[in-house]
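Asker: Sharing data_19.cif here; it has mmCIF, C-alpha atoms.
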```cif
data_my_file
loop_
_atom_site.label_atom_id
_atom_site.label_comp_id
_atom_site.auth_asym_id
_atom_site.auth_seq_id
_atom_site.Cartn_x
_atom_site.Cartn_y
_atom_site.Cartn_z
CA MET A 1 -15.53 3.92 18.78
CA ASP A 2 -18.03 2.68 16.19
CA ALA A 3 -15.34 1.38 13.89
CA ALA A 4 -17.63 0.31 11.06
CA SER A 5 -18.79 3.90 10.47
CA HIS A 6 -15.32 4.80 9.16
CA PHE A 7 -15.02 2.04 6.55
CA ALA A 8 -16.72 2.16 3.15
CA PRO A 9 -17.82 -0.72 0.88
CA SER A 10 -16.44 0.87 -2.31
CA TYR A 11 -13.80 3.31 -3.48
CA ALA A 12 -16.45 5.81 -4.56
CA GLN A 13 -18.02 5.86 -1.09
CA ALA A 14 -14.63 5.89 0.62
CA ARG A 15 -13.62 8.94 -1.38
CA GLN A 16 -16.92 10.69 -0.67
CA MET A 17 -16.50 10.02 3.06
CA PHE A 18 -12.88 11.24 3.02
CA LEU A 19 -13.82 14.48 1.26
CA ALA A 20 -16.74 15.05 3.63
CA ALA A 21 -14.56 14.43 6.69
CA ALA A 22 -11.97 16.91 5.45
CA ASP A 23 -14.70 19.49 4.85
CA ALA A 24 -16.15 18.93 8.33
CA ALA A 25 -12.68 19.46 9.80
CA GLY A 26 -12.35 22.74 7.86
CA LEU A 27 -9.56 21.43 5.68
CA ASP A 28 -9.02 21.97 1.97
CA VAL A 29 -8.68 19.09 -0.49
CA GLU A 30 -6.16 19.03 -3.32
CA SER A 31 -7.25 16.49 -5.93
CA HIS A 32 -5.05 14.94 -8.60
CA PRO A 33 -7.40 13.40 -11.22
CA HIS A 34 -6.54 9.96 -12.56
CA PRO A 35 -6.78 9.39 -16.34
CA MET A 36 -9.06 6.33 -16.02
CA LEU A 37 -12.56 5.76 -14.62
CA GLY A 38 -13.53 3.45 -11.78
CA ARG A 39 -15.54 0.22 -11.91
CA ASP A 40 -18.80 2.14 -11.46
CA GLY A 41 -17.83 4.84 -13.95
CA GLU A 42 -16.77 7.19 -11.15
CA ALA A 43 -13.93 9.70 -11.34
CA LEU A 44 -10.67 8.57 -9.73
CA ALA A 45 -8.15 10.77 -7.96
CA MET A 46 -5.31 10.93 -5.50
CA ASP A 47 -6.77 13.30 -2.90
CA VAL A 48 -4.47 15.19 -0.55
CA VAL A 49 -5.41 17.05 2.63
CA ARG A 50 -2.93 19.08 4.68
CA GLU A 51 -3.54 19.94 8.30
CA GLY A 52 -1.12 22.46 9.80
CA ALA A 53 1.21 25.22 8.69
CA ARG A 54 2.87 25.05 5.28
CA ASP A 55 6.20 25.87 6.96
CA ALA A 56 5.84 23.42 9.85
CA LYS A 57 9.20 21.97 10.86
CA SER A 58 7.68 18.52 11.34
CA LEU A 59 5.36 16.69 8.94
CA LEU A 60 3.57 13.35 9.27
CA ILE A 61 2.27 11.64 6.11
CA VAL A 62 -0.54 9.08 6.48
CA SER A 63 -1.23 7.33 3.17
CA SER A 64 -3.64 4.70 1.89
CA ALA A 65 -4.12 2.36 -1.09
CA CYS A 66 -0.55 2.05 -2.31
CA HIS A 67 -1.82 -1.40 -3.22
CA GLY A 68 -5.27 -0.42 -4.43
CA ILE A 69 -7.64 -2.86 -2.76
CA GLU A 70 -5.77 -2.41 0.52
CA GLY A 71 -7.33 1.07 0.58
CA PHE A 72 -10.48 -0.25 2.25
CA CYS A 73 -8.42 -0.42 5.44
CA GLY A 74 -6.26 2.67 4.99
CA SER A 75 -9.14 4.93 4.01
CA GLY A 76 -10.99 3.89 7.16
CA VAL A 77 -8.03 4.94 9.28
CA GLN A 78 -7.76 8.30 7.53
CA HIS A 79 -11.50 8.95 7.93
CA ALA A 80 -11.31 8.14 11.63
CA LEU A 81 -8.33 10.47 12.17
CA LEU A 82 -10.03 13.33 10.34
CA GLY A 83 -13.13 12.89 12.49
CA ASP A 84 -11.37 12.76 15.86
CA PRO A 85 -11.26 16.06 17.85
CA ASP A 86 -8.55 14.75 20.19
CA TRP A 87 -6.30 14.03 17.20
CA HIS A 88 -6.76 17.55 15.85
CA ARG A 89 -5.97 19.03 19.30
CA LEU A 90 -2.82 16.92 19.53
CA LEU A 91 -1.59 18.20 16.16
CA ARG A 92 -2.28 21.83 17.09
CA LYS A 93 -0.54 21.47 20.47
CA SER A 94 2.51 19.75 18.98
CA GLY A 95 2.93 22.00 15.96
CA VAL A 96 3.24 18.90 13.76
CA ALA A 97 1.52 19.13 10.37
CA ALA A 98 -0.27 16.11 8.92
CA LEU A 99 -0.65 15.18 5.27
CA TYR A 100 -3.37 12.66 4.43
CA VAL A 101 -2.83 11.10 1.00
CA HIS A 102 -6.01 9.23 0.08
CA ALA A 103 -5.72 6.52 -2.55
CA LEU A 104 -2.16 6.49 -3.87
CA ASN A 105 -3.50 3.96 -6.38
CA PRO A 106 -7.18 4.86 -6.83
CA TYR A 107 -7.58 2.60 -9.87
CA GLY A 108 -6.66 -0.51 -7.93
CA PHE A 109 -8.85 0.59 -5.02
CA SER A 110 -11.89 1.00 -7.26
CA TRP A 111 -11.36 -2.12 -9.38
CA TRP A 112 -10.40 -4.38 -6.42
CA ARG A 113 -6.90 -4.90 -7.75
CA ARG A 114 -3.60 -4.62 -5.95
CA THR A 115 -1.90 -3.12 -9.00
CA THR A 116 -2.17 0.17 -10.87
CA HIS A 117 -3.92 0.45 -14.23
CA GLU A 118 -0.52 -0.37 -15.78
CA ASN A 119 -0.62 -3.72 -13.89
CA VAL A 120 2.32 -2.46 -11.82
CA ASP A 121 2.92 -2.99 -8.11
CA LEU A 122 3.45 0.63 -7.03
CA ASN A 123 5.78 -0.42 -4.21
CA ARG A 124 8.13 -2.06 -6.74
CA ASN A 125 8.05 0.85 -9.23
CA PHE A 126 10.46 3.38 -7.70
CA HIS A 127 13.59 2.87 -9.79
CA ASP A 128 15.91 4.93 -11.94
CA PHE A 129 14.64 3.54 -15.22
CA SER A 130 17.66 4.85 -17.09
CA GLN A 131 19.68 2.15 -15.30
CA PRO A 132 19.47 -1.66 -15.58
CA LEU A 133 16.56 -3.03 -13.57
CA PRO A 134 16.95 -5.79 -10.96
CA ALA A 135 16.72 -9.32 -12.31
CA ASN A 136 14.66 -11.99 -10.55
CA PRO A 137 15.69 -15.35 -12.04
CA ALA A 138 13.79 -17.25 -9.33
CA TYR A 139 10.54 -15.63 -10.49
CA ASP A 140 11.41 -16.36 -14.12
CA GLU A 141 11.67 -20.04 -13.24
CA ILE A 142 8.08 -20.26 -11.93
CA ALA A 143 6.32 -17.43 -13.80
CA THR A 144 4.09 -19.72 -15.87
CA LEU A 145 3.21 -21.75 -12.78
CA LEU A 146 2.18 -18.69 -10.78
CA VAL A 147 -0.16 -17.36 -13.49
CA PRO A 148 -1.08 -20.47 -15.49
CA PRO A 149 -3.09 -20.56 -18.74
CA THR A 150 -6.17 -21.95 -16.96
CA TRP A 151 -7.85 -21.29 -13.64
CA PRO A 152 -8.12 -23.19 -11.40
CA PRO A 153 -4.61 -24.45 -12.10
CA SER A 154 -4.13 -27.93 -13.50
CA ALA A 155 -2.89 -30.80 -11.35
CA GLU A 156 0.43 -30.60 -13.21
CA VAL A 157 0.88 -26.93 -12.31
CA ASN A 158 0.05 -27.58 -8.65
CA ALA A 159 2.47 -30.51 -8.52
CA ALA A 160 5.27 -28.42 -10.07
CA LEU A 161 4.78 -25.64 -7.49
CA GLN A 162 4.77 -28.18 -4.68
CA ARG A 163 8.06 -29.58 -5.98
CA TYR A 164 9.52 -26.05 -5.99
CA VAL A 165 8.51 -25.55 -2.35
CA ALA A 166 9.82 -28.99 -1.37
CA THR A 167 13.18 -28.16 -2.99
CA HIS A 168 13.61 -24.50 -2.01
CA GLY A 169 11.24 -23.89 0.93
CA LEU A 170 8.30 -21.55 1.49
CA GLN A 171 10.50 -18.58 2.36
CA ALA A 172 12.33 -18.88 -0.95
CA LEU A 173 9.00 -19.00 -2.75
CA GLN A 174 7.83 -15.82 -0.97
CA GLN A 175 11.08 -14.06 -1.87
CA ALA A 176 10.86 -15.13 -5.51
CA VAL A 177 7.22 -14.14 -5.90
CA THR A 178 6.96 -10.92 -3.88
CA SER A 179 10.32 -9.16 -4.09
CA GLY A 180 9.52 -7.64 -7.49
CA GLN A 181 10.19 -8.50 -11.13
CA HIS A 182 10.44 -6.60 -14.42
CA ALA A 183 10.31 -9.37 -17.05
CA HIS A 184 6.66 -10.48 -16.92
CA PRO A 185 4.22 -7.58 -17.45
CA GLN A 186 1.24 -9.93 -17.10
CA GLY A 187 2.63 -11.51 -13.96
CA LEU A 188 2.63 -10.84 -10.22
CA PHE A 189 4.50 -8.05 -8.39
CA TYR A 190 5.54 -6.48 -11.70
CA GLY A 191 7.63 -3.36 -11.18
CA GLY A 192 7.20 -1.91 -14.67
CA HIS A 193 9.60 -0.30 -17.13
CA ASN A 194 8.47 3.28 -16.61
CA PRO A 195 7.23 5.43 -13.74
CA THR A 196 3.49 4.87 -13.20
CA TRP A 197 0.93 7.67 -12.96
CA SER A 198 0.81 7.09 -9.21
CA GLN A 199 4.58 7.39 -8.85
CA VAL A 200 4.75 10.64 -10.82
CA THR A 201 1.78 12.11 -8.94
CA LEU A 202 3.12 11.15 -5.53
CA ARG A 203 6.43 12.81 -6.34
CA HIS A 204 4.55 16.02 -7.15
CA VAL A 205 2.77 15.78 -3.79
CA LEU A 206 6.07 15.37 -1.97
CA GLN A 207 7.57 18.30 -3.88
CA ASP A 208 4.60 20.49 -2.98
CA HIS A 209 4.28 19.55 0.67
CA ALA A 210 7.44 17.95 2.05
CA THR A 211 10.38 20.06 0.88
CA ARG A 212 10.24 22.65 3.70
CA CYS A 213 10.08 20.44 6.78
CA GLU A 214 13.12 19.48 8.85
CA ARG A 215 11.65 16.20 10.12
CA LEU A 216 9.40 13.90 8.12
CA ALA A 217 7.53 10.79 9.25
CA TRP A 218 5.40 8.47 7.10
CA ILE A 219 2.87 5.81 8.05
CA ASP A 220 1.81 3.90 4.95
CA LEU A 221 -1.18 1.60 5.55
CA HIS A 222 -1.24 -1.94 4.12
CA THR A 223 -3.05 -5.26 4.52
CA GLY A 224 -2.60 -8.92 3.61
CA LEU A 225 0.42 -10.07 5.59
CA GLY A 226 0.62 -11.57 9.08
CA PRO A 227 -1.88 -12.64 11.78
CA SER A 228 -5.44 -11.36 11.38
CA GLY A 229 -5.93 -7.88 12.78
CA VAL A 230 -2.32 -7.48 13.90
CA GLY A 231 -0.56 -4.42 12.52
CA GLU A 232 3.10 -5.23 11.95
CA ARG A 233 5.19 -2.07 12.01
CA ILE A 234 7.70 -2.56 9.22
CA PHE A 235 10.67 -0.19 8.98
CA ALA A 236 10.17 1.85 5.80
CA CYS A 237 13.44 3.65 5.19
CA ARG A 238 16.67 2.75 3.47
CA ASP A 239 19.03 0.42 5.34
CA ASP A 240 20.16 2.98 7.92
CA ALA A 241 20.97 1.99 11.53
CA ALA A 242 20.25 5.46 12.92
CA ALA A 243 16.83 5.63 11.24
CA LEU A 244 15.97 2.13 12.46
CA ALA A 245 16.96 3.07 16.01
CA ARG A 246 14.78 6.17 15.75
CA ALA A 247 11.83 4.16 14.44
CA ARG A 248 12.13 1.68 17.30
CA ALA A 249 12.41 4.52 19.81
CA TRP A 250 9.18 6.03 18.47
CA TRP A 251 7.09 2.97 17.65
CA GLY A 252 8.59 0.34 19.94
CA SER A 253 11.25 -2.34 19.81
CA GLY A 254 8.83 -4.53 17.86
CA VAL A 255 9.42 -2.53 14.66
CA THR A 256 10.58 -5.12 12.12
CA SER A 257 12.91 -4.75 9.16
CA ILE A 258 13.25 -6.41 5.77
CA TYR A 259 16.99 -5.78 6.02
CA ASP A 260 17.64 -8.02 9.02
CA GLY A 261 14.99 -10.65 8.25
CA SER A 262 12.77 -9.78 11.23
CA SER A 263 9.80 -8.77 9.06
CA ALA A 264 7.14 -11.07 7.65
CA SER A 265 7.80 -9.25 4.37
CA ALA A 266 10.46 -10.39 1.93
CA ARG A 267 13.25 -8.01 0.94
CA LEU A 268 11.86 -5.79 -1.82
CA THR A 269 13.12 -3.67 -4.71
CA GLY A 270 11.74 -0.36 -6.01
CA MET A 271 10.10 0.68 -2.75
CA MET A 272 7.90 3.77 -2.71
CA TRP A 273 9.40 5.51 0.31
CA MET A 274 12.80 5.72 -1.39
CA SER A 275 11.31 8.72 -3.19
CA VAL A 276 11.65 10.71 0.06
CA TYR A 277 15.44 10.71 -0.18
CA GLU A 278 15.25 12.10 -3.72
CA GLU A 279 12.43 14.61 -3.30
CA CYS A 280 12.97 15.70 0.34
CA PRO A 281 16.72 15.44 0.99
CA GLN A 282 16.57 18.25 3.55
CA ALA A 283 14.45 16.22 5.99
CA GLU A 284 15.38 13.68 8.63
CA TYR A 285 13.09 10.85 7.57
CA THR A 286 11.53 8.09 9.69
CA GLY A 287 8.81 5.79 8.34
CA ILE A 288 6.90 2.56 8.81
CA ALA A 289 4.47 0.51 6.83
CA MET A 290 1.56 -0.65 9.00
CA GLU A 291 0.84 -4.13 7.64
CA TYR A 292 -2.42 -5.65 8.95
CA GLY A 293 -3.00 -9.37 8.65
CA THR A 294 -6.18 -10.71 7.08
CA VAL A 295 -6.11 -14.37 6.00
CA PRO A 296 -3.15 -16.81 5.86
CA ILE A 297 -0.46 -15.97 3.29
CA PRO A 298 -1.18 -18.99 1.04
CA GLU A 299 -4.76 -17.77 0.62
CA VAL A 300 -3.54 -14.24 -0.21
CA VAL A 301 -1.17 -15.61 -2.86
CA GLU A 302 -3.92 -17.77 -4.36
CA ALA A 303 -6.23 -14.74 -4.54
CA LEU A 304 -3.51 -12.74 -6.31
CA ARG A 305 -2.80 -15.54 -8.77
CA ALA A 306 -6.50 -15.87 -9.61
CA ASP A 307 -6.92 -12.11 -10.00
CA GLN A 308 -3.96 -11.85 -12.36
CA TRP A 309 -5.29 -14.77 -14.39
CA LEU A 310 -8.63 -12.93 -14.61
CA GLU A 311 -6.88 -9.72 -15.72
CA ASN A 312 -5.19 -11.73 -18.46
CA HIS A 313 -8.49 -13.43 -19.45
CA PRO A 314 -11.25 -10.79 -19.65
CA GLU A 315 -13.40 -13.34 -21.51
CA ALA A 316 -13.77 -15.37 -18.28
CA ASP A 317 -17.21 -16.50 -17.19
CA GLU A 318 -19.04 -13.79 -15.21
CA ALA A 319 -19.72 -16.02 -12.21
CA GLN A 320 -16.08 -17.05 -12.02
CA ALA A 321 -14.99 -13.42 -12.31
CA ARG A 322 -17.28 -12.41 -9.42
CA ALA A 323 -15.95 -15.22 -7.25
CA ILE A 324 -12.34 -14.25 -7.96
CA LYS A 325 -13.02 -10.60 -7.12
CA GLN A 326 -14.77 -11.52 -3.88
CA ARG A 327 -11.82 -13.68 -2.94
CA MET A 328 -9.50 -10.72 -3.55
CA ARG A 329 -11.58 -8.47 -1.34
CA GLU A 330 -11.58 -10.99 1.49
CA ALA A 331 -7.82 -11.48 1.15
CA PHE A 332 -7.14 -7.79 1.78
CA TYR A 333 -10.10 -6.57 3.84
CA THR A 334 -11.77 -8.29 6.79
CA ASP A 335 -15.28 -6.84 7.00
CA THR A 336 -15.90 -7.37 10.72
CA GLU A 337 -16.27 -4.92 13.59
CA ALA A 338 -13.58 -6.66 15.64
CA TRP A 339 -10.99 -6.40 12.85
CA LYS A 340 -11.81 -2.75 12.21
CA GLN A 341 -11.60 -1.94 15.92
CA ALA A 342 -8.16 -3.55 16.07
CA VAL A 343 -7.03 -1.67 12.95
CA LEU A 344 -8.09 1.72 14.29
CA ALA A 345 -6.69 1.20 17.79
CA GLN A 346 -3.24 0.30 16.46
CA ALA A 347 -3.25 3.04 13.81
CA PHE A 348 -4.18 5.75 16.32
CA ASP A 349 -1.47 4.49 18.65
CA ALA A 350 1.13 4.64 15.86
CA ALA A 351 -0.02 8.09 14.72
CA ARG A 352 0.25 9.52 18.23
CA GLN A 353 3.68 7.96 18.66
CA ALA A 354 4.78 9.55 15.38
CA VAL A 355 3.66 12.99 16.58
CA ALA A 356 5.54 12.49 19.85
CA GLY A 357 8.65 11.43 17.94
CA LEU A 358 8.46 14.34 15.54
CA GLY A 359 7.85 16.78 18.39
#
```
Turn the structure described in the file into structure tokens.
Answerer:
Amino acid sequence: MDAASHFAPSYAQARQMFLAAADAAGLDVESHPHPMLGRDGEALAMDVVREGARDAKSLLIVSSACHGIEGFCGSGVQHALLGDPDWHRLLRKSGVAALYVHALNPYGFSWWRRTTHENVDLNRNFHDFSQPLPANPAYDEIATLLVPPTWPPSAEVNAALQRYVATHGLQALQQAVTSGQHAHPQGLFYGGHNPTWSQVTLRHVLQDHATRCERLAWIDLHTGLGPSGVGERIFACRDDAAALARARAWWGSGVTSIYDGSSASARLTGMMWMSVYEECPQAEYTGIAMEYGTVPIPEVVEALRADQWLENHPEADEAQARAIKQRMREAFYTDTEAWKQAVLAQAFDAARQAVAGLG
């Protein structure tokens, strides 16, 4: 497989390739326009393609760009699936329908940000906002250190963060930073105080396409955590022993979980896939997040800190802004043939296993 041919250098080209691949496969596209424009002035949208009967008993969702810039990877996987005749034959033979959701967060994809246009982490945004939101006092303690007033950070800021790690440990830092917070709208991993456009739109997609199936699987594609090119399969359901057993039966005993500490991910709040239980209660649900490693975690965190500082300081020098954006891209997308080959091989394997499980 010529892996590089499936990956695009920009959101605009990725979307064009996705639409063309759907057309070549004889599939219709349902587009949900985003209210903002992209970095090149292009239209943004959450594009949805369904393959298979509307009343299929089993449905597999494959989604990209929950975290914007991570869409470079996920879009490549979706394009490769749409262009693969063997994959289409497998779906027809199994009777499983597939739903490709391209660019859950098209704004972040286009602008090389992990967040939505509301500066919200979409995978921390799925809450009942009529109820009190989770507190994160550990994040509160280090908020001004994580996104300091100047970039690069001062020696004092670096020393204070090092003291925090020395006192609490790296794992505690990861939990504090990444689990989600609702008190610092110009900070990292902000979960928001209202449903984002992406959340509302995704719920409409689920209502339209996933309320008639009996069995529902979801592979949500991510990058930025773990060893380079390795796709960790992270259990993406509520804390349910039967669902975890099912996921490990389908995708292997190596499926990790944030609930038992086996995942490289911290335990999170406001996770996107919780929407399935609300919108599709009729379905037996089994899901994973495919999390592909890129660069070491400290480099990813530094890229995120710099990018948030830049978002907060639009007056920044143009050369510095370009360097920060390039660092973000490299933190979430490894532009090599070997990495792309590894991504596609593991994604195809997981997709076929999902079809077998659903069937």
Asker: The residues within 12 Å of (2.4, 3.6, 20.4), using all atoms listed in the file and the coordinates of the file, should be reported as number ranges by chain; which are they?
Answerer: A: 231, 233, 247-255, 345-357
Asker: Using only C-alpha atoms, I'd like a table of the residues in segment 51-167 of chain A that come within 7 Å of segment 190-210 of chain A; for each, show the closest atom pair and its distance in Å rounded to one decimal, ordered by chain and ascending number, as JSON lines.
Answerer:
```
{"residue": "A:Leu104", "atom": "CA", "partner": "A:Ser198", "partner_atom": "CA", "distance": 6.1}
{"residue": "A:Asn105", "atom": "CA", "partner": "A:Ser198", "partner_atom": "CA", "distance": 6.0}
{"residue": "A:Val120", "atom": "CA", "partner": "A:Tyr190", "partner_atom": "CA", "distance": 5.2}
{"residue": "A:Asp121", "atom": "CA", "partner": "A:Gly191", "partner_atom": "CA", "distance": 5.6}
{"residue": "A:Arg124", "atom": "CA", "partner": "A:Gly191", "partner_atom": "CA", "distance": 4.7}
{"residue": "A:Asn125", "atom": "CA", "partner": "A:Gly191", "partner_atom": "CA", "distance": 4.7}
{"residue": "A:Phe129", "atom": "CA", "partner": "A:Asn194", "partner_atom": "CA", "distance": 6.3}
```
Asker: Show me, as a ChimeraX atom specification, the residues that have an atom within 7 Å of Gly224 of chain A when counting all atoms listed in the file, minus same-chain residues fewer than 2 positions from it.
Answerer: /A:226,292-295,300,331-332
Asker: Take the residues from that selection and put them in a file with C-alpha atoms, as a CSV table (one decimal), in the coordinates of the input.
Answerer:
```
chain,number,residue,atom,x,y,z
A,226,GLY,CA,0.6,-11.6,9.1
A,292,TYR,CA,-2.4,-5.6,9.0
A,293,GLY,CA,-3.0,-9.4,8.6
A,294,THR,CA,-6.2,-10.7,7.1
A,295,VAL,CA,-6.1,-14.4,6.0
A,300,VAL,CA,-3.5,-14.2,-0.2
A,331,ALA,CA,-7.8,-11.5,1.2
A,332,PHE,CA,-7.1,-7.8,1.8
```
Asker: Which residues fall under the PyMOL selection byres ((chain A and resi 78) around 8) in this file, as an MDAnalysis selection string?
Answerer: chainID A and resid 18 62:64 74:77 79:82 100 102
Asker: Find the spatial neighbours of Asp140 of chain A, counting all atoms listed in the file, within a cut-off of 12 Å - ignore same-chain residues fewer than 5 positions away - and output them as a list in words.
Answerer: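 In the requested format, the answer is Ala135, Leu145, Leu146, Val147, Leu173, Ala176, Val177, Gly180, Gln181, His182, Ala183, His184, Pro185, Gly187, Leu188 and Tyr190 of chain A.
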Asker: Counting all atoms listed in the file, figure out which residue out of A:Leu358, A:Ala25, A:Val157, A:Cys237 gets nearest to Leu216 of chain A.
Answerer: A:Leu358
Asker: Between atom CA of Pro106 of chain A and atom CA of Gln175 of chain A, measure the distance and give it in Å to one decimal.
Answerer: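 Going from atom CA of Pro106 of chain A over to atom CA of Gln175 of chain A, I get 26.8 Å.
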Asker: Complete the atoms of segment 141-149 of chain A to all heavy atoms and put them out as an mmCIF file, in the frame of the given file.
Answerer:
```
data_model
loop_
_atom_site.group_PDB
_atom_site.id
_atom_site.type_symbol
_atom_site.label_atom_id
_atom_site.label_comp_id
_atom_site.auth_asym_id
_atom_site.auth_seq_id
_atom_site.Cartn_x
_atom_site.Cartn_y
_atom_site.Cartn_z
ATOM 1 N N GLU A 141 11.741 -18.582 -13.247
ATOM 2 C CA GLU A 141 11.670 -20.040 -13.240
ATOM 3 C C GLU A 141 10.232 -20.544 -13.036
ATOM 4 O O GLU A 141 9.854 -21.596 -13.560
ATOM 5 C CB GLU A 141 12.576 -20.584 -12.131
ATOM 6 C CG GLU A 141 12.661 -22.101 -12.066
ATOM 7 C CD GLU A 141 13.561 -22.581 -10.940
ATOM 8 O OE1 GLU A 141 14.371 -21.768 -10.429
ATOM 9 O OE2 GLU A 141 13.452 -23.759 -10.566
ATOM 10 N N ILE A 142 9.427 -19.782 -12.286
ATOM 11 C CA ILE A 142 8.080 -20.260 -11.930
ATOM 12 C C ILE A 142 6.967 -19.348 -12.446
ATOM 13 O O ILE A 142 5.810 -19.519 -12.077
ATOM 14 C CB ILE A 142 7.941 -20.415 -10.399
ATOM 15 C CG1 ILE A 142 8.284 -19.096 -9.680
ATOM 16 C CG2 ILE A 142 8.806 -21.561 -9.893
ATOM 17 C CD1 ILE A 142 8.048 -19.150 -8.177
ATOM 18 N N ALA A 143 7.307 -18.411 -13.324
ATOM 19 C CA ALA A 143 6.320 -17.430 -13.800
ATOM 20 C C ALA A 143 5.078 -18.084 -14.378
ATOM 21 O O ALA A 143 3.939 -17.678 -14.078
ATOM 22 C CB ALA A 143 6.965 -16.503 -14.827
ATOM 23 N N THR A 144 5.253 -19.095 -15.225
ATOM 24 C CA THR A 144 4.090 -19.720 -15.870
ATOM 25 C C THR A 144 3.318 -20.622 -14.919
ATOM 26 O O THR A 144 2.166 -20.965 -15.200
ATOM 27 C CB THR A 144 4.525 -20.543 -17.101
ATOM 28 O OG1 THR A 144 5.489 -21.528 -16.690
ATOM 29 C CG2 THR A 144 5.136 -19.634 -18.158
ATOM 30 N N LEU A 145 3.934 -20.984 -13.799
ATOM 31 C CA LEU A 145 3.210 -21.750 -12.780
ATOM 32 C C LEU A 145 2.369 -20.818 -11.909
ATOM 33 O O LEU A 145 1.250 -21.166 -11.512
ATOM 34 C CB LEU A 145 4.199 -22.514 -11.886
ATOM 35 C CG LEU A 145 5.136 -23.496 -12.576
ATOM 36 C CD1 LEU A 145 6.080 -24.134 -11.558
ATOM 37 C CD2 LEU A 145 4.347 -24.574 -13.316
ATOM 38 N N LEU A 146 2.901 -19.637 -11.641
ATOM 39 C CA LEU A 146 2.180 -18.690 -10.780
ATOM 40 C C LEU A 146 0.918 -18.173 -11.455
ATOM 41 O O LEU A 146 -0.137 -18.053 -10.816
ATOM 42 C CB LEU A 146 3.099 -17.525 -10.412
ATOM 43 C CG LEU A 146 4.273 -17.877 -9.505
ATOM 44 C CD1 LEU A 146 5.225 -16.703 -9.387
ATOM 45 C CD2 LEU A 146 3.788 -18.318 -8.127
ATOM 46 N N VAL A 147 1.011 -17.831 -12.728
ATOM 47 C CA VAL A 147 -0.160 -17.360 -13.490
ATOM 48 C C VAL A 147 -0.307 -18.313 -14.676
ATOM 49 O O VAL A 147 0.169 -18.034 -15.775
ATOM 50 C CB VAL A 147 0.003 -15.902 -13.945
ATOM 51 C CG1 VAL A 147 -1.307 -15.402 -14.549
ATOM 52 C CG2 VAL A 147 0.411 -15.008 -12.778
ATOM 53 N N PRO A 148 -0.986 -19.434 -14.463
ATOM 54 C CA PRO A 148 -1.080 -20.470 -15.490
ATOM 55 C C PRO A 148 -2.096 -20.108 -16.569
ATOM 56 O O PRO A 148 -2.866 -19.148 -16.422
ATOM 57 C CB PRO A 148 -1.531 -21.699 -14.697
ATOM 58 C CG PRO A 148 -2.317 -21.133 -13.562
ATOM 59 C CD PRO A 148 -1.656 -19.830 -13.207
ATOM 60 N N PRO A 149 -2.147 -20.876 -17.652
ATOM 61 C CA PRO A 149 -3.090 -20.560 -18.740
ATOM 62 C C PRO A 149 -4.541 -20.837 -18.385
ATOM 63 O O PRO A 149 -5.436 -20.285 -19.025
ATOM 64 C CB PRO A 149 -2.620 -21.473 -19.887
ATOM 65 C CG PRO A 149 -1.809 -22.544 -19.237
ATOM 66 C CD PRO A 149 -1.199 -21.940 -18.019
#
```
